[in-house]
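**Q** The structure's right below; bear with me while I get my questions together.
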Amino acid sequence: MKDINDYHIHYDLDDEMNAQELVEIHVGDVNLPTGKIIAADPFFTHEQSTFSRTVEPDKYPVFIYVSEIDRLHHRVAYAKIKFRPEEATKWILALTDDLTEEELNDLGDEEFYGFPVESGLACFLDEETNAQLIAKMDELQERNPEANYYDEVLAEEFREYSGKNNFSRELGDWNDHHPDKESDNNVIMFASGWGDGYYPAYWGLDEEGNTIELVIDFLINEYDNEDGLEYDDDLDIEEED
């Protein structure tokens, strides 16, 4: 079988991002002890495979790019991990380890593989951190089957971490969560565009093919709130049993 990293499905992310007036916000540094990255809904990370391309284990800055819908309404259009200070000049679709050659060959010109969001939140985390996050959620469920990880653990973190920022709702639109308080491993979480959906991620490369960044596109121009979604100050988080 052809190596999945040989599939370079190109996308012109530069034109997309530069066509919008966006506010860049540094929301934290993500620790990647294995260099194997997952982008997912934080409540469904157990269903999401790591990306096939890996990076050097280290801590890297994470940025979100916020679009102003109106004076009191902002949405996260993109989220990015920056691995090197150079500018990316081309982008390829970020593919996960579980994709088959047949699936890749069947991908149409306007199609992509990405990850689903069902809680209105997305995140970046390392494979090792994911095991800690899943264990922490399972531990809470074992203690109290009716408990909700967002309400019990994350809600106050979000409010404290970003709720006072001018580009965030009072409940907080981004967070730096440590499943194990004694570990540097963390999950950088952020609101996902218009909310629930299916979103692609792209590796940004330089002309030599070096990995410069990893970007999630929340497709806010594609959806353009066409379903009449309302801007709500409450998150309705339902976790899978």
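Identifiers for the structure tokens are assigned positionally: chains receive A, B, ... in sequence, residues are indexed from 1 per chain, and ligands are indexed from 1 in the order shown.
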Do a neighbour search on Pro33 (chain A) at 10 Å with only C-alpha atoms, toss out local chain neighbours closer than 3 positions, and write the hits as a list in words.

**A**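 The neighbour list is Val30, Lys36, Ile37, Val55, Glu56, Pro57, Asp58, Lys59, Leu125, Asp126, Glu127, Glu128, Thr129, Asp184 and Asn185 of chain A.
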
**Q** If you run DSSP on the backbone, which residues of region 76-188 of chain A are helix (DSSP H, G or I), as an MDAnalysis selection string?

**A** chainID A and resid 101:105 127:143 149:162

**Q** Identify, on the basis of only C-alpha atoms, every residue whose closest approach to Glu47 (chain A) does not exceed 12 Å; exclude the query and any residue fewer than 5 positions from it along the same chain; express the result as a list of chain:residue names.

**A**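 The neighbour list is A:Ile38, A:Ala39, A:Ala40, A:Asp41, A:Pro42, A:Thr96, A:Asp98, A:Phe115, A:Pro116, A:Val117, A:Asn130, A:Ala131, A:Ile134, A:Glu240.
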
**Q** Just write the chosen residues, C-alpha atoms, as a short mmCIF file (atom, residue, chain, number, x, y, z; two decimals), in the first residue's frame.

**A**
data_model
loop_
_atom_site.label_atom_id
_atom_site.label_comp_id
_atom_site.auth_asym_id
_atom_site.auth_seq_id
_atom_site.Cartn_x
_atom_site.Cartn_y
_atom_site.Cartn_z
CA ILE A 38 -5.21 14.54 17.45
CA ALA A 39 -7.69 17.24 16.41
CA ALA A 40 -11.16 16.41 17.67
CA ASP A 41 -14.21 17.31 19.69
CA PRO A 42 -12.79 17.05 23.24
CA THR A 96 -5.37 10.27 9.85
CA ASP A 98 -7.11 4.98 9.87
CA PHE A 115 -13.37 15.32 12.24
CA PRO A 116 -16.89 15.76 13.63
CA VAL A 117 -17.86 18.24 16.34
CA ASN A 130 -5.61 11.70 25.08
CA ALA A 131 -5.19 8.57 27.18
CA ILE A 134 -10.20 9.60 28.53
CA GLU A 240 -21.18 9.73 25.05
#

**Q** Quick one: of A:Phe112, A:Tyr11, A:Trp174, A:Tyr199, who's nearest to Ile25 (chain A), counting only C-alpha atoms?

**A**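 Smallest distance to Ile25 (chain A) is found for A:Trp174.
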
**Q** Taking the chain letters and numbering used in this document, name the residues of region 8-238 of chain A that DSSP puts in strand (DSSP E or B), as a PyMOL selection string.

**A** chain A and resi 10-11+22-32+37-40+51+58-70+73-82+90-93+96+115-117+121-126+174-177+187-191+197-199+201-205+211-217

**Q** Which of these, A:Tyr65, A:Trp91, A:Phe167, A:Phe190, has the shortest distance to Phe124 (chain A) once you count only C-alpha atoms?

**A**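 Ranked by minimum distance to Phe124 (chain A), first place goes to A:Phe190.
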
**Q** With only C-alpha atoms as the counted atoms, please give the residues lying no more than 10 Å from region 118-122 of chain A, apart from itself and same-chain residues fewer than 4 positions off, as a ChimeraX atom specification.

**A** /A:39-45,79,150,173-174,187-199,216,218,235-239

**Q** Suppose you want the space between CA of Gly172 (chain A) and CA of Ala155 (chain A); what is it in Å?

**A**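 So the two atoms, CA of Gly172 (chain A) and CA of Ala155 (chain A), lie 8.1 Å apart.
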
**Q** Hey, can you check how far CA of His177 (chain A) sits from CA of His26 (chain A)?

**A**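 Computing the Euclidean distance for CA of His177 (chain A) and CA of His26 (chain A) yields 15.0 Å.
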
**Q** Considering only C-alpha atoms, return as a PyMOL selection string whatever protein or nucleic-acid residues lie within 6 Å of region 201-208 of chain A, sequence-local ones (same chain, fewer than 2 positions apart) excluded.

**A** chain A and resi 88-94+210-216

**Q** Which is closest to His178 (chain A) among A:Leu219, A:Leu133, A:Ala147, A:Leu13, if we use only C-alpha atoms?

**A**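 Among the listed residues, the smallest separation from His178 (chain A) belongs to A:Leu133.
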
**Q** With distances taken over only C-alpha atoms, which residue among A:Tyr60, A:Tyr113, A:Tyr78, A:Phe83 lies nearest Gln20 (chain A)?

**A**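 Answer, going by the shortest atom-to-atom distance: A:Tyr78.
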